[in-house]
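Colleague: Contents of start05.csv (CSV, N, CA and C atoms) are below:
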```csv
chain,number,residue,atom,x,y,z
A,98,MET,N,-5.4,-3.1,-8.7
A,98,MET,CA,-4.4,-2.1,-8.5
A,98,MET,C,-3.1,-2.6,-9.1
A,99,SER,N,-2.4,-1.7,-9.8
A,99,SER,CA,-1.1,-2.1,-10.4
A,99,SER,C,0.0,-2.3,-9.4
A,100,SER,N,1.0,-2.9,-9.8
A,100,SER,CA,2.2,-3.1,-8.9
A,100,SER,C,2.8,-1.8,-8.5
A,101,THR,N,2.9,-0.9,-9.4
A,101,THR,CA,3.4,0.4,-9.1
A,101,THR,C,2.6,1.2,-8.1
A,102,THR,N,1.3,1.1,-8.3
A,102,THR,CA,0.4,1.8,-7.3
A,102,THR,C,0.5,1.2,-5.9
A,103,ASP,N,0.6,-0.2,-5.9
A,103,ASP,CA,0.8,-0.8,-4.6
A,103,ASP,C,2.1,-0.4,-3.9
A,104,LYS,N,3.1,-0.3,-4.7
A,104,LYS,CA,4.4,0.1,-4.1
A,104,LYS,C,4.4,1.6,-3.6
A,105,LEU,N,3.8,2.5,-4.4
A,105,LEU,CA,3.7,3.9,-4.0
A,105,LEU,C,2.8,4.1,-2.8
A,106,LYS,N,1.7,3.4,-2.7
A,106,LYS,CA,0.9,3.5,-1.5
A,106,LYS,C,1.6,2.9,-0.3
A,107,GLY,N,2.4,1.8,-0.6
A,107,GLY,CA,3.1,1.2,0.5
A,107,GLY,C,4.2,2.2,1.1
A,108,LEU,N,4.9,2.9,0.2
A,108,LEU,CA,5.9,3.8,0.6
A,108,LEU,C,5.2,5.0,1.4
A,109,ALA,N,4.1,5.4,0.9
A,109,ALA,CA,3.4,6.5,1.6
A,109,ALA,C,3.0,6.1,3.0
A,110,ASN,N,2.4,4.9,3.1
A,110,ASN,CA,2.0,4.4,4.4
A,110,ASN,C,3.1,4.2,5.3
A,111,GLU,N,4.2,3.7,4.8
A,111,GLU,CA,5.4,3.6,5.7
A,111,GLU,C,5.9,5.0,6.2
A,112,ALA,N,5.9,5.9,5.3
A,112,ALA,CA,6.4,7.3,5.7
A,112,ALA,C,5.5,7.9,6.7
A,113,VAL,N,4.2,7.8,6.5
A,113,VAL,CA,3.2,8.4,7.5
A,113,VAL,C,3.3,7.7,8.8
A,114,GLY,N,3.5,6.4,8.7
A,114,GLY,CA,3.6,5.5,9.9
A,114,GLY,C,4.8,5.9,10.7
A,115,ASN,N,5.9,6.1,10.0
A,115,ASN,CA,7.2,6.5,10.7
A,115,ASN,C,7.0,7.9,11.4
A,116,VAL,N,6.3,8.8,10.7
A,116,VAL,CA,6.1,10.2,11.3
A,116,VAL,C,5.2,10.0,12.5
A,117,LYS,N,4.2,9.2,12.4
A,117,LYS,CA,3.3,9.1,13.6
A,117,LYS,C,4.1,8.5,14.8
A,118,GLN,N,4.9,7.5,14.5
A,118,GLN,CA,5.7,6.9,15.6
A,118,GLN,C,6.7,7.9,16.2
A,119,GLY,N,7.3,8.8,15.4
A,119,GLY,CA,8.2,9.8,15.9
A,119,GLY,C,7.5,10.8,16.7
A,120,VAL,N,6.3,11.2,16.3
A,120,VAL,CA,5.5,12.2,17.1
A,120,VAL,C,5.0,11.5,18.4
A,121,GLY,N,4.6,10.3,18.3
A,121,GLY,CA,4.2,9.5,19.4
A,121,GLY,C,5.3,9.4,20.5
A,122,ASN,N,6.5,9.2,20.0
A,122,ASN,CA,7.7,9.1,20.9
A,122,ASN,C,8.0,10.4,21.5
A,123,MET,N,7.9,11.5,20.8
A,123,MET,CA,8.2,12.8,21.3
A,123,MET,C,7.2,13.3,22.3
A,124,THR,N,6.0,12.9,22.1
A,124,THR,CA,4.9,13.4,23.0
A,124,THR,C,4.5,12.3,24.1
A,125,GLY,N,5.1,11.1,24.0
A,125,GLY,CA,4.8,10.1,24.9
A,125,GLY,C,3.4,9.5,24.7
A,126,ASN,N,2.9,9.6,23.5
A,126,ASN,CA,1.6,9.1,23.1
A,126,ASN,C,1.7,7.7,22.6
A,127,ASP,N,1.4,6.7,23.4
A,127,ASP,CA,1.6,5.3,23.1
A,127,ASP,C,0.6,4.9,22.0
A,128,LYS,N,-0.6,5.5,22.0
A,128,LYS,CA,-1.6,5.1,21.0
A,128,LYS,C,-1.1,5.6,19.6
A,129,LEU,N,-0.6,6.8,19.5
A,129,LEU,CA,-0.1,7.3,18.2
A,129,LEU,C,1.1,6.4,17.7
A,130,LYS,N,2.0,6.0,18.7
A,130,LYS,CA,3.1,5.1,18.3
A,130,LYS,C,2.6,3.8,17.7
A,131,ALA,N,1.5,3.3,18.4
A,131,ALA,CA,1.0,2.0,17.9
A,131,ALA,C,0.3,2.2,16.5
A,132,GLU,N,-0.4,3.3,16.4
A,132,GLU,CA,-1.0,3.5,15.1
A,132,GLU,C,0.0,3.7,14.0
A,133,GLY,N,1.1,4.3,14.3
A,133,GLY,CA,2.2,4.5,13.4
A,133,GLY,C,2.8,3.2,13.0
A,134,LYS,N,3.1,2.3,14.0
A,134,LYS,CA,3.7,1.0,13.7
A,134,LYS,C,2.7,0.2,12.8
A,135,ALA,N,1.4,0.3,13.1
A,135,ALA,CA,0.5,-0.5,12.3
A,135,ALA,C,0.4,0.0,10.8
A,136,GLN,N,0.5,1.3,10.7
A,136,GLN,CA,0.5,1.9,9.3
A,136,GLN,C,1.8,1.6,8.6
A,137,GLU,N,2.9,1.6,9.3
A,137,GLU,CA,4.2,1.2,8.7
A,137,GLU,C,4.1,-0.2,8.2
A,138,LEU,N,3.6,-1.1,9.0
A,138,LEU,CA,3.5,-2.5,8.6
A,138,LEU,C,2.5,-2.7,7.4
A,139,LYS,N,1.4,-1.9,7.4
A,139,LYS,CA,0.5,-1.9,6.2
A,139,LYS,C,1.3,-1.5,5.0
A,140,GLY,N,2.1,-0.5,5.1
A,140,GLY,CA,2.9,-0.1,3.9
A,140,GLY,C,3.9,-1.1,3.5
A,141,GLU,N,4.5,-1.8,4.4
A,141,GLU,CA,5.4,-2.9,4.0
A,141,GLU,C,4.7,-4.0,3.3
A,142,THR,N,3.5,-4.3,3.8
A,142,THR,CA,2.7,-5.3,3.1
A,142,THR,C,2.3,-4.9,1.7
A,143,GLN,N,1.9,-3.7,1.5
A,143,GLN,CA,1.5,-3.2,0.2
A,143,GLN,C,2.7,-3.3,-0.7
A,144,LYS,N,3.9,-2.9,-0.3
A,144,LYS,CA,5.1,-3.0,-1.1
A,144,LYS,C,5.3,-4.4,-1.5
A,145,THR,N,5.2,-5.3,-0.6
A,145,THR,CA,5.4,-6.8,-0.9
A,145,THR,C,4.4,-7.3,-1.9
A,146,VAL,N,3.1,-6.8,-1.8
A,146,VAL,CA,2.1,-7.2,-2.8
A,146,VAL,C,2.6,-6.7,-4.2
A,147,GLY,N,3.0,-5.5,-4.3
A,147,GLY,CA,3.5,-4.9,-5.5
A,147,GLY,C,4.6,-5.7,-6.1
A,148,ASP,N,5.6,-6.1,-5.2
A,148,ASP,CA,6.7,-6.9,-5.7
A,148,ASP,C,6.2,-8.3,-6.2
A,149,ALA,N,5.3,-8.9,-5.5
A,149,ALA,CA,4.7,-10.2,-5.9
A,149,ALA,C,4.0,-10.1,-7.3
A,150,LYS,N,3.3,-9.0,-7.5
A,150,LYS,CA,2.7,-8.8,-8.8
A,150,LYS,C,3.7,-8.7,-9.9
A,151,ASP,N,4.8,-7.9,-9.6
A,151,ASP,CA,5.8,-7.8,-10.6
A,151,ASP,C,6.4,-9.2,-10.9
A,152,GLY,N,6.7,-10.0,-9.9
A,152,GLY,CA,7.2,-11.3,-10.1
A,152,GLY,C,6.3,-12.2,-10.9
A,153,ALA,N,5.0,-12.2,-10.6
A,153,ALA,CA,4.1,-13.0,-11.3
A,153,ALA,C,4.0,-12.6,-12.8
A,154,LYS,N,4.0,-11.2,-13.0
A,154,LYS,CA,4.0,-10.8,-14.4
A,154,LYS,C,5.2,-11.2,-15.1
A,155,ASN,N,6.4,-11.1,-14.5
A,155,ASN,CA,7.7,-11.5,-15.1
A,155,ASN,C,7.6,-13.0,-15.5
A,156,LEU,N,7.1,-13.8,-14.6
A,156,LEU,CA,7.1,-15.2,-14.8
A,156,LEU,C,6.1,-15.5,-15.9
A,157,ALA,N,4.9,-14.9,-16.0
A,157,ALA,CA,4.0,-15.1,-17.0
A,157,ALA,C,4.6,-14.6,-18.4
A,158,ASP,N,5.3,-13.5,-18.4
A,158,ASP,CA,6.0,-13.1,-19.6
A,158,ASP,C,7.0,-14.1,-20.1
A,159,LYS,N,7.8,-14.7,-19.2
A,159,LYS,CA,8.7,-15.7,-19.6
A,159,LYS,C,8.1,-16.9,-20.2
A,160,ILE,N,7.0,-17.3,-19.5
A,160,ILE,CA,6.2,-18.5,-20.0
A,160,ILE,C,5.6,-18.3,-21.4
A,161,THR,N,5.1,-17.1,-21.6
A,161,THR,CA,4.4,-16.8,-22.9
A,161,THR,C,5.4,-16.3,-23.9
A,162,GLY,N,6.7,-16.1,-23.5
A,162,GLY,CA,7.6,-15.6,-24.5
A,162,GLY,C,7.6,-14.1,-24.7
A,163,LYS,N,6.9,-13.3,-23.9
A,163,LYS,CA,6.9,-11.9,-24.0
A,163,LYS,C,8.0,-11.3,-23.1
A,164,HIS,N,8.7,-10.4,-23.6
A,164,HIS,CA,9.9,-9.8,-22.8
A,164,HIS,C,9.8,-8.3,-22.9
```
Represent the structure contained in this file as structure tokens.

Modeller:
Amino acid sequence: MSSTTDKLKGLANEAVGNVKQGVGNMTGNDKLKAEGKAQELKGETQKTVGDAKDGAKNLADKITGKH
């Protein structure tokens, strides 16, 4: 998966997770709140993976002289 794909999926998971948490809060559904928090954290992790891939690519480009 490309870094951009990781970042986009991460943003989507964060957004859906936040919505689930909001609905869970409004309805008093603790299970939905927990699912939302887990999905939000998954999204944050996906974004971090995308950032790490970008960093590794930039480092490799500097080492090989590609810019």

Colleague: Looking at A:Val113, A:Val120, A:Ala149, A:Ala135, which one is nearest to Ser99 (chain A), with distances taken over only C-alpha atoms?

Modeller: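 That would be A:Ala149, the residue with the smallest distance to Ser99 (chain A).
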
Colleague: Using only C-alpha atoms, which residue out of A:Glu141, A:Asp127, A:Asp148, A:Asp158 lies closest to Ser100 (chain A)?

Modeller: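 Ranking A:Glu141, A:Asp127, A:Asp148, A:Asp158 by distance to Ser100 (chain A), first place goes to A:Asp148.
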
Colleague: What is the distance between atom N of Leu138 (chain A) and atom N of Ala157 (chain A), in Å to one decimal?

Modeller: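 Between atom N of Leu138 (chain A) and atom N of Ala157 (chain A) the gap is 28.6 Å.
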
Colleague: To one decimal place in Å, what is the distance between CA of Ala153 (chain A) and CA of Asn110 (chain A)?

Modeller: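 Computing the Euclidean distance for CA of Ala153 (chain A) and CA of Asn110 (chain A) yields 23.5 Å.
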
Colleague: Which is closer to Gln118 (chain A) than all the others in A:Lys134, A:Lys106, A:Lys144, A:Lys163, using all atoms listed in the file?

Modeller: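 Of A:Lys134, A:Lys106, A:Lys144, A:Lys163, the one nearest Gln118 (chain A), counting all atoms listed in the file, is A:Lys134.
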
Colleague: Select, from A:Thr142, A:Ile160, A:Gly114, A:Lys104, the residue with the minimum atom-to-atom distance to Leu129 (chain A), counting only N, CA and C atoms.

Modeller: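 Once distances to Leu129 (chain A) are computed over only N, CA and C atoms, the minimum belongs to A:Gly114.
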
Colleague: What separation in Å, quoted to one decimal, exists between CA of Val146 (chain A) and CA of Thr101 (chain A)?

Modeller: 10.0 Å

Colleague: Taking all atoms listed in the file into account, which of A:Thr161, A:Gln143, A:Gln136, A:Asn155 comes nearest Gly107 (chain A)?

Modeller: A:Gln143

Colleague: Counting only N, CA and C atoms, which residue out of A:Asn126, A:Lys154, A:Glu132, A:Gly147 sits closest to Met98 (chain A)?

Modeller: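 Counting only N, CA and C atoms, the residue closest to Met98 (chain A) is A:Gly147.
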